[in-house]
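Q: What follows is the file target-v4.txt, containing compact mmCIF, C-alpha atoms:
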```txt
# COMPACT_ATOMS: atom_id res chain seq x y z
CA MET A 1 -1.10 -2.98 -26.30
CA LYS A 2 1.36 -4.93 -24.18
CA ALA A 3 0.34 -6.26 -20.78
CA TRP A 4 1.52 -8.72 -18.16
CA ARG A 5 -0.94 -11.48 -17.34
CA ILE A 6 -1.13 -14.61 -15.15
CA GLU A 7 -1.79 -17.35 -17.68
CA GLY A 8 -3.59 -20.62 -16.97
CA GLU A 9 -2.13 -21.38 -13.55
CA PHE A 10 -0.87 -19.35 -10.61
CA GLY A 11 2.84 -18.77 -10.04
CA LEU A 12 5.43 -16.14 -10.84
CA GLU A 13 6.75 -18.43 -13.58
CA ARG A 14 3.28 -18.23 -15.22
CA LEU A 15 3.40 -14.43 -15.50
CA ARG A 16 3.66 -13.63 -19.20
CA GLN A 17 3.90 -10.51 -21.33
CA VAL A 18 1.09 -10.64 -23.88
CA GLU A 19 -0.59 -8.52 -26.55
CA MET A 20 -4.12 -7.36 -25.69
CA ALA A 21 -6.66 -5.44 -27.73
CA SER A 22 -7.50 -1.88 -26.73
CA VAL A 23 -11.06 -1.35 -25.56
CA PRO A 24 -13.24 1.61 -26.59
CA VAL A 25 -13.87 4.51 -24.22
CA ALA A 26 -17.53 4.69 -23.22
CA ARG A 27 -19.62 7.47 -21.70
CA GLY A 28 -18.08 8.80 -18.49
CA GLN A 29 -14.74 7.05 -19.06
CA VAL A 30 -11.12 8.02 -19.77
CA ARG A 31 -8.23 6.19 -21.38
CA LEU A 32 -4.94 6.20 -19.50
CA LYS A 33 -1.54 5.74 -21.09
CA MET A 34 0.18 4.08 -18.14
CA ARG A 35 3.53 5.61 -17.19
CA ALA A 36 4.47 3.64 -14.08
CA VAL A 37 3.14 0.86 -11.85
CA GLY A 38 3.80 0.24 -8.14
CA LEU A 39 4.27 -3.34 -6.92
CA ASN A 40 2.60 -4.48 -3.70
CA TYR A 41 2.85 -7.66 -1.65
CA ARG A 42 -0.83 -8.23 -2.40
CA ASP A 43 0.07 -8.43 -6.09
CA LEU A 44 2.72 -11.07 -5.42
CA MET A 45 0.27 -13.09 -3.30
CA MET A 46 -2.32 -12.84 -6.08
CA ILE A 47 0.18 -14.09 -8.68
CA GLN A 48 1.18 -16.97 -6.40
CA GLY A 49 -2.46 -17.96 -5.80
CA ARG A 50 -2.24 -17.24 -2.07
CA TYR A 51 -4.50 -14.19 -1.98
CA ASN A 52 -7.53 -15.72 -3.70
CA PRO A 53 -7.01 -19.25 -5.01
CA ARG A 54 -10.42 -19.05 -6.72
CA GLN A 55 -9.55 -15.93 -8.72
CA PRO A 56 -10.49 -16.60 -12.38
CA LEU A 57 -7.57 -16.55 -14.82
CA PRO A 58 -6.12 -15.06 -16.96
CA LEU A 59 -5.62 -11.89 -14.89
CA VAL A 60 -3.64 -8.68 -15.37
CA PRO A 61 -2.14 -8.09 -11.88
CA CYS A 62 -1.27 -4.99 -9.84
CA SER A 63 -3.35 -2.39 -8.02
CA ASP A 64 -1.16 0.74 -8.16
CA GLY A 65 -0.24 2.91 -11.10
CA VAL A 66 -0.19 6.31 -12.71
CA GLY A 67 -1.06 7.26 -16.25
CA GLU A 68 -1.75 10.20 -18.52
CA VAL A 69 -5.30 10.79 -19.74
CA VAL A 70 -5.05 10.54 -23.53
CA GLU A 71 -8.73 10.14 -24.47
CA VAL A 72 -12.05 11.07 -22.86
CA GLY A 73 -15.46 9.60 -23.51
CA PRO A 74 -18.79 11.41 -23.96
CA GLU A 75 -19.84 13.60 -21.02
CA VAL A 76 -16.27 13.88 -19.69
CA ASP A 77 -14.75 17.36 -19.41
CA GLY A 78 -11.92 17.75 -21.92
CA ALA A 79 -9.85 19.42 -19.17
CA TRP A 80 -8.94 15.88 -18.05
CA LEU A 81 -6.81 15.42 -21.18
CA GLY A 82 -3.10 15.43 -20.37
CA ARG A 83 -3.55 15.05 -16.62
CA ARG A 84 -1.57 12.49 -14.64
CA VAL A 85 -3.98 10.39 -12.62
CA SER A 86 -4.07 7.21 -10.58
CA PRO A 87 -6.96 4.75 -10.65
CA ILE A 88 -8.32 4.10 -7.16
CA PHE A 89 -7.81 0.61 -5.70
CA ALA A 90 -11.50 -0.28 -5.40
CA GLN A 91 -13.01 1.35 -8.47
CA GLY A 92 -16.49 1.44 -6.94
CA TRP A 93 -15.41 2.89 -3.56
CA GLN A 94 -15.38 6.62 -4.14
CA SER A 95 -16.62 7.61 -0.68
CA GLY A 96 -18.25 6.43 2.53
CA GLU A 97 -17.86 3.09 4.23
CA PRO A 98 -16.74 -0.01 2.33
CA THR A 99 -19.37 -2.56 1.34
CA ARG A 100 -19.15 -6.05 -0.11
CA GLU A 101 -20.20 -4.65 -3.48
CA LYS A 102 -17.55 -1.91 -3.44
CA LEU A 103 -14.83 -4.39 -2.48
CA ARG A 104 -15.69 -6.55 -5.49
CA THR A 105 -14.27 -3.77 -7.71
CA THR A 106 -10.60 -3.97 -6.69
CA LEU A 107 -7.88 -3.73 -9.33
CA GLY A 108 -5.49 -6.64 -9.81
CA GLY A 109 -8.17 -9.10 -8.73
CA PRO A 110 -11.01 -9.55 -9.30
CA LEU A 111 -10.76 -6.74 -11.90
CA ALA A 112 -7.88 -6.54 -14.39
CA GLY A 113 -5.07 -4.48 -12.89
CA THR A 114 -2.61 -1.78 -13.86
CA LEU A 115 0.32 -3.79 -15.29
CA ARG A 116 -0.35 -2.84 -18.92
CA GLU A 117 0.40 -0.06 -21.34
CA GLU A 118 -3.08 1.45 -21.19
CA MET A 119 -6.34 1.06 -19.30
CA VAL A 120 -9.85 2.50 -19.42
CA CYS A 121 -11.55 3.67 -16.20
CA ASP A 122 -14.62 5.63 -15.16
CA VAL A 123 -13.54 9.23 -14.64
CA SER A 124 -15.11 9.04 -11.16
CA SER A 125 -12.60 6.28 -10.30
CA VAL A 126 -9.37 8.19 -10.97
CA VAL A 127 -7.59 10.80 -8.85
CA ALA A 128 -5.15 13.49 -9.98
CA VAL A 129 -1.69 13.08 -8.43
CA PRO A 130 0.60 15.81 -6.99
CA ASP A 131 2.63 17.60 -9.65
CA HIS A 132 5.95 17.51 -7.78
CA LEU A 133 6.16 13.70 -7.82
CA SER A 134 7.96 11.59 -10.41
CA ASP A 135 5.95 8.92 -12.23
CA ALA A 136 7.37 6.17 -10.00
CA GLU A 137 6.59 8.15 -6.85
CA ALA A 138 3.05 8.85 -8.01
CA ALA A 139 2.55 5.19 -8.95
CA SER A 140 3.13 4.14 -5.33
CA LEU A 141 0.25 6.14 -3.87
CA GLY A 142 -3.01 4.35 -4.68
CA CYS A 143 -2.58 1.18 -2.62
CA ALA A 144 0.39 1.46 -0.24
CA GLY A 145 0.05 5.19 0.31
CA VAL A 146 -3.71 5.21 0.89
CA THR A 147 -3.47 2.17 3.19
CA ALA A 148 -0.93 3.94 5.39
CA TRP A 149 -2.89 7.20 5.34
CA HIS A 150 -6.10 5.34 6.29
CA ALA A 151 -4.32 3.59 9.18
CA VAL A 152 -2.44 6.59 10.58
CA VAL A 153 -4.73 9.54 9.87
CA GLU A 154 -8.27 8.39 9.08
CA GLN A 155 -8.53 5.54 11.61
CA GLY A 156 -5.54 6.18 13.89
CA ASN A 157 -6.23 9.90 14.43
CA VAL A 158 -2.52 10.32 15.11
CA GLY A 159 -1.49 13.72 16.41
CA ALA A 160 1.49 15.60 17.79
CA GLY A 161 3.26 13.77 20.59
CA ASP A 162 1.76 10.35 19.83
CA VAL A 163 3.98 7.29 19.48
CA VAL A 164 3.57 5.11 16.39
CA VAL A 165 5.25 1.75 15.79
CA CYS A 166 5.70 0.66 12.15
CA LEU A 167 6.64 -2.96 11.50
CA GLY A 168 9.24 -3.59 8.82
CA THR A 169 10.45 -1.27 6.08
CA GLY A 170 8.17 -2.13 3.15
CA GLY A 171 6.05 0.34 1.25
CA VAL A 172 3.12 0.67 3.66
CA SER A 173 5.33 0.87 6.75
CA VAL A 174 7.60 3.56 5.29
CA PHE A 175 4.57 5.58 4.15
CA ALA A 176 3.10 5.20 7.65
CA MET A 177 6.34 6.52 9.13
CA GLN A 178 6.25 9.53 6.82
CA PHE A 179 2.59 10.34 7.56
CA ALA A 180 3.02 9.88 11.32
CA THR A 181 6.06 12.18 11.28
CA MET A 182 4.04 14.68 9.22
CA MET A 183 1.43 14.69 12.00
CA GLY A 184 4.06 15.36 14.67
CA ALA A 185 4.27 11.84 16.08
CA GLU A 186 7.33 9.97 17.34
CA VAL A 187 7.97 6.85 15.23
CA ILE A 188 9.55 3.54 16.20
CA MET A 189 10.52 1.28 13.27
CA THR A 190 11.35 -2.45 13.38
CA SER A 191 13.44 -4.53 10.99
CA SER A 192 15.84 -7.47 10.98
CA SER A 193 18.38 -5.39 9.01
CA ASP A 194 20.63 -2.90 10.76
CA ALA A 195 21.34 -1.26 7.39
CA LYS A 196 17.62 -0.66 6.80
CA LEU A 197 17.19 0.63 10.34
CA ALA A 198 20.01 3.11 9.77
CA ARG A 199 18.25 4.28 6.60
CA VAL A 200 14.86 4.81 8.26
CA ARG A 201 16.58 6.83 10.99
CA GLU A 202 17.80 9.12 8.23
CA LEU A 203 14.22 9.30 6.92
CA GLY A 204 12.79 10.41 10.27
CA ALA A 205 12.33 7.46 12.64
CA ALA A 206 13.02 8.47 16.25
CA HIS A 207 13.85 4.94 17.44
CA VAL A 208 14.60 1.59 15.80
CA ILE A 209 14.43 -2.02 16.99
CA ASN A 210 16.10 -5.04 15.39
CA TYR A 211 13.54 -7.77 16.05
CA ARG A 212 16.08 -10.53 15.39
CA GLN A 213 18.18 -9.23 18.26
CA GLU A 214 15.11 -8.40 20.37
CA PRO A 215 12.41 -10.97 19.53
CA GLN A 216 10.24 -9.65 22.38
CA TRP A 217 10.19 -6.25 20.77
CA GLY A 218 6.88 -5.37 22.42
CA ARG A 219 8.79 -5.05 25.69
CA ALA A 220 11.39 -2.88 23.95
CA VAL A 221 8.62 -0.52 22.81
CA LYS A 222 7.32 -0.31 26.37
CA ALA A 223 10.85 0.48 27.59
CA LEU A 224 11.28 3.23 25.00
CA THR A 225 7.98 4.79 26.07
CA GLY A 226 8.60 4.67 29.82
CA GLY A 227 6.22 1.71 30.25
CA ARG A 228 3.24 3.41 28.57
CA GLY A 229 3.31 1.78 25.16
CA ALA A 230 2.53 3.05 21.66
CA ASP A 231 -0.64 4.88 20.69
CA LEU A 232 -0.74 3.07 17.34
CA VAL A 233 0.95 -0.02 15.94
CA VAL A 234 0.90 -0.40 12.15
CA GLU A 235 0.76 -4.21 11.99
CA VAL A 236 1.78 -5.72 8.65
CA GLY A 237 2.93 -9.11 9.92
CA GLY A 238 -0.43 -10.59 10.85
CA ALA A 239 -0.82 -13.52 13.23
CA GLY A 240 2.92 -14.10 13.50
CA THR A 241 3.60 -10.68 15.03
CA LEU A 242 0.24 -9.68 16.50
CA GLN A 243 1.07 -10.93 20.01
CA GLU A 244 4.07 -8.61 20.16
CA SER A 245 1.95 -5.73 18.84
CA ILE A 246 -0.53 -6.36 21.65
CA GLY A 247 2.41 -6.17 24.06
CA ALA A 248 3.66 -2.94 22.47
CA VAL A 249 0.44 -0.88 22.40
CA ARG A 250 -0.76 1.25 25.31
CA VAL A 251 -3.95 0.72 27.29
CA GLY A 252 -6.73 2.00 25.02
CA GLY A 253 -4.40 2.13 22.01
CA THR A 254 -4.98 0.93 18.46
CA ILE A 255 -3.45 -1.80 16.31
CA ALA A 256 -4.03 -1.20 12.59
CA LEU A 257 -4.05 -4.69 11.08
CA ILE A 258 -2.94 -4.37 7.47
CA GLY A 259 -0.93 -7.39 6.29
CA VAL A 260 -0.16 -11.04 6.87
CA LEU A 261 3.54 -11.17 6.02
CA ALA A 262 4.22 -13.39 9.03
CA GLY A 263 1.16 -15.60 8.56
CA GLY A 264 -2.61 -15.53 8.89
CA MET A 265 -3.22 -18.16 11.58
CA GLN A 266 -1.47 -18.79 14.89
CA PRO A 267 -2.48 -19.35 18.54
CA LEU A 268 -3.06 -15.96 20.14
CA ASN A 269 -3.78 -14.73 23.66
CA VAL A 270 -6.51 -12.12 23.21
CA VAL A 271 -7.08 -11.49 26.93
CA PRO A 272 -4.96 -8.30 26.92
CA VAL A 273 -7.10 -6.91 24.07
CA LEU A 274 -10.12 -7.14 26.36
CA MET A 275 -8.46 -6.23 29.65
CA GLN A 276 -6.59 -3.23 28.25
CA ASN A 277 -9.34 -1.91 25.99
CA ILE A 278 -7.16 -2.32 22.88
CA ARG A 279 -8.72 -1.66 19.50
CA VAL A 280 -7.69 -3.96 16.63
CA GLN A 281 -8.79 -2.31 13.37
CA GLY A 282 -8.56 -3.99 9.98
CA VAL A 283 -7.49 -1.62 7.20
CA LEU A 284 -8.09 -2.42 3.52
CA VAL A 285 -6.64 0.46 1.48
CA GLY A 286 -9.31 3.21 1.34
CA SER A 287 -11.76 5.27 -0.70
CA GLY A 288 -11.23 7.76 -3.49
CA GLU A 289 -11.98 10.61 -1.10
CA MET A 290 -9.24 9.39 1.26
CA PHE A 291 -6.87 9.28 -1.72
CA GLU A 292 -7.68 12.91 -2.52
CA ARG A 293 -7.20 14.06 1.09
CA MET A 294 -3.86 12.24 1.24
CA ASN A 295 -2.72 13.86 -2.01
CA ARG A 296 -3.54 17.33 -0.67
CA ALA A 297 -1.38 16.65 2.39
CA ILE A 298 1.46 15.26 0.25
CA GLY A 299 1.30 18.32 -1.98
CA ALA A 300 1.21 20.78 0.93
CA HIS A 301 4.20 19.14 2.65
CA ARG A 302 6.07 18.37 -0.60
CA MET A 303 6.45 14.83 0.71
CA ARG A 304 8.19 12.31 -1.55
CA PRO A 305 7.52 8.56 -1.37
CA VAL A 306 10.58 6.38 -0.82
CA ILE A 307 11.38 4.37 -3.96
CA ASP A 308 13.83 1.50 -3.56
CA ARG A 309 14.19 0.73 -7.26
CA VAL A 310 12.52 1.15 -10.65
CA VAL A 311 12.59 -1.74 -13.12
CA GLY A 312 11.74 -1.68 -16.80
CA PHE A 313 8.48 -3.03 -18.20
CA ASP A 314 10.29 -6.09 -19.55
CA ASP A 315 11.87 -6.77 -16.12
CA VAL A 316 8.69 -7.07 -14.05
CA VAL A 317 9.57 -10.57 -12.81
CA SER A 318 12.85 -9.32 -11.32
CA GLY A 319 10.90 -6.68 -9.39
CA PHE A 320 8.62 -9.31 -7.89
CA GLU A 321 11.61 -11.52 -7.08
CA ALA A 322 13.19 -8.65 -5.13
CA MET A 323 9.92 -8.20 -3.25
CA ARG A 324 9.72 -11.92 -2.49
CA GLU A 325 13.26 -11.83 -1.07
CA GLY A 326 12.49 -8.78 1.10
CA ALA A 327 15.48 -6.97 -0.37
CA HIS A 328 13.74 -3.60 -0.68
CA LEU A 329 13.12 -0.57 1.53
CA GLY A 330 10.06 1.41 0.46
CA LYS A 331 8.54 0.79 -2.94
CA ILE A 332 9.51 -1.19 -6.04
CA CYS A 333 8.06 0.34 -9.20
CA VAL A 334 7.86 -0.46 -12.90
CA GLU A 335 8.48 2.11 -15.64
CA VAL A 336 5.88 1.47 -18.34
CA SER A 337 6.55 4.21 -20.85
```
How does the structure come out when it is put into structure tokens?
A:
Amino acid sequence: MKAWRIEGEFGLERLRQVEMASVPVARGQVRLKMRAVGLNYRDLMMIQGRYNPRQPLPLVPCSDGVGEVVEVGPEVDGAWLGRRVSPIFAQGWQSGEPTREKLRTTLGGPLAGTLREEMVCDVSSVVAVPDHLSDAEAASLGCAGVTAWHAVVEQGNVGAGDVVVCLGTGGVSVFAMQFATMMGAEVIMTSSSDAKLARVRELGAAHVINYRQEPQWGRAVKALTGGRGADLVVEVGGAGTLQESIGAVRVGGTIALIGVLAGGMQPLNVVPVLMQNIRVQGVLVGSGEMFERMNRAIGAHRMRPVIDRVVGFDDVVSGFEAMREGAHLGKICVEVS
């Protein structure tokens, strides 16, 4: 089978398409013929050596994908054959709280990821995807979708009338906007692109802020909410934007800390976190059970993920280059077969 793999050293220029041997299907396992793969910023960081510089190489990257079950192992119900499924991000995290052991089973590092023509997984580590979605849409769910669902619904407990701020217009932020809107919340989106802000308005955002024009966008959020602030901020920037998120959230509100697009270390005034009873909650994707709950909601609401572009299997590098340049809105996906 064909696969993409980081060879020898980190770097996008070291990502190579290679031939790999198929592995047998053991008891309790299924073989997936991969149909599409979703690209995440985590994958790009892993390829560049910025996510885990000690990650052993070679490594097949990527954490998201969808495939068709084409073979089942002993003790697996034959009804799985022909189903479209997604492998869960942390293969050992089916339910409950995360543990160090569960988080050592993540796809695309340390385990081989989804960017290949086929993969073998435990049947307990795959989730059936909603029928109404295209392959590319379904391939975006496992990492970006579950992360946003975890932040907005599972941890954020967002409900009707709440105000949610989503930073940027990448995959997680756009999913968070869609889920928050689904729950009846009012969404404020930020971006440096007026064109992207116009697009997210069309997709359901109630308010938009250009953070280049308003660098103190936390104050702008307070103004939009009559001085109260947001109930939840979906924070994908990290240390570089966290101070503004603290300024944007209400007393007793929550900041879901998801990404580090604007850096991981920077001087920070944490006094308002204490004095205003603000909760800062780290969110690392989620469990298989969360994935299943999210899929039921997506199916019930006929929600469709926002796909910016789909590249061919031979054009993976161009997809990562577009991600690196921040040229996308929503998800970039790869058509495998």
Q: Given the choices A:Asp77, A:Ala144, A:Gly49, A:Arg16, which gets closest to Leu284 (chain A) if the distance is worked out from only C-alpha atoms?
A: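 Ranking A:Asp77, A:Ala144, A:Gly49, A:Arg16 by distance to Leu284 (chain A), first place goes to A:Ala144.
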Q: If I take CA of Val72 (chain A) and CA of Ser124 (chain A), how far is one from the other in Å, to one decimal?
A: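 Taking CA of Val72 (chain A) as the start and CA of Ser124 (chain A) as the end point, the length is 12.3 Å.
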Q: Could you jot down the CA of Gln216 (chain A) to CA of Ala151 (chain A) separation for me, Å, one decimal place?
A: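 Atom-to-atom, CA of Gln216 (chain A) to CA of Ala151 (chain A), that is 23.7 Å.
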Q: Just want the 10 Å neighbourhood of Glu154 (chain A), counted on all atoms listed in the file, with same-chain residues fewer than 3 positions away dropped. Output as a PyMOL selection string.
A: chain A and resi 146-151+157-158+286+290+293-294
Q: Output the selection as a PDB file, in the frame of the given file - C-alpha atoms for each residue.
A:
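Result file selection-v6.pdb:
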```
ATOM      1  CA  VAL A 146      -3.710   5.210   0.890  1.00  0.00           C
ATOM      2  CA  THR A 147      -3.470   2.170   3.190  1.00  0.00           C
ATOM      3  CA  ALA A 148      -0.930   3.940   5.390  1.00  0.00           C
ATOM      4  CA  TRP A 149      -2.890   7.200   5.340  1.00  0.00           C
ATOM      5  CA  HIS A 150      -6.100   5.340   6.290  1.00  0.00           C
ATOM      6  CA  ALA A 151      -4.320   3.590   9.180  1.00  0.00           C
ATOM      7  CA  ASN A 157      -6.230   9.900  14.430  1.00  0.00           C
ATOM      8  CA  VAL A 158      -2.520  10.320  15.110  1.00  0.00           C
ATOM      9  CA  GLY A 286      -9.310   3.210   1.340  1.00  0.00           C
ATOM     10  CA  MET A 290      -9.240   9.390   1.260  1.00  0.00           C
ATOM     11  CA  ARG A 293      -7.200  14.060   1.090  1.00  0.00           C
ATOM     12  CA  MET A 294      -3.860  12.240   1.240  1.00  0.00           C
TER      13      MET A 294
END
```
Q: For Arg302 (chain A), please output as a ChimeraX atom specification all residues within 10 Å (counting only C-alpha atoms; exclusion window: fewer than 2 positions along the same chain).
A: /A:130-133,295-300,304-305
Q: Please write the residues from the selection above to a file, keeping C-alpha atoms, as a PDB file, keeping the file's coordinate frame.
A:
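Output saved as again38.pdb:
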```pdb
ATOM      1  CA  PRO A 130       0.600  15.810  -6.990  1.00  0.00           C
ATOM      2  CA  ASP A 131       2.630  17.600  -9.650  1.00  0.00           C
ATOM      3  CA  HIS A 132       5.950  17.510  -7.780  1.00  0.00           C
ATOM      4  CA  LEU A 133       6.160  13.700  -7.820  1.00  0.00           C
ATOM      5  CA  ASN A 295      -2.720  13.860  -2.010  1.00  0.00           C
ATOM      6  CA  ARG A 296      -3.540  17.330  -0.670  1.00  0.00           C
ATOM      7  CA  ALA A 297      -1.380  16.650   2.390  1.00  0.00           C
ATOM      8  CA  ILE A 298       1.460  15.260   0.250  1.00  0.00           C
ATOM      9  CA  GLY A 299       1.300  18.320  -1.980  1.00  0.00           C
ATOM     10  CA  ALA A 300       1.210  20.780   0.930  1.00  0.00           C
ATOM     11  CA  ARG A 304       8.190  12.310  -1.550  1.00  0.00           C
ATOM     12  CA  PRO A 305       7.520   8.560  -1.370  1.00  0.00           C
TER      13      PRO A 305
END
```
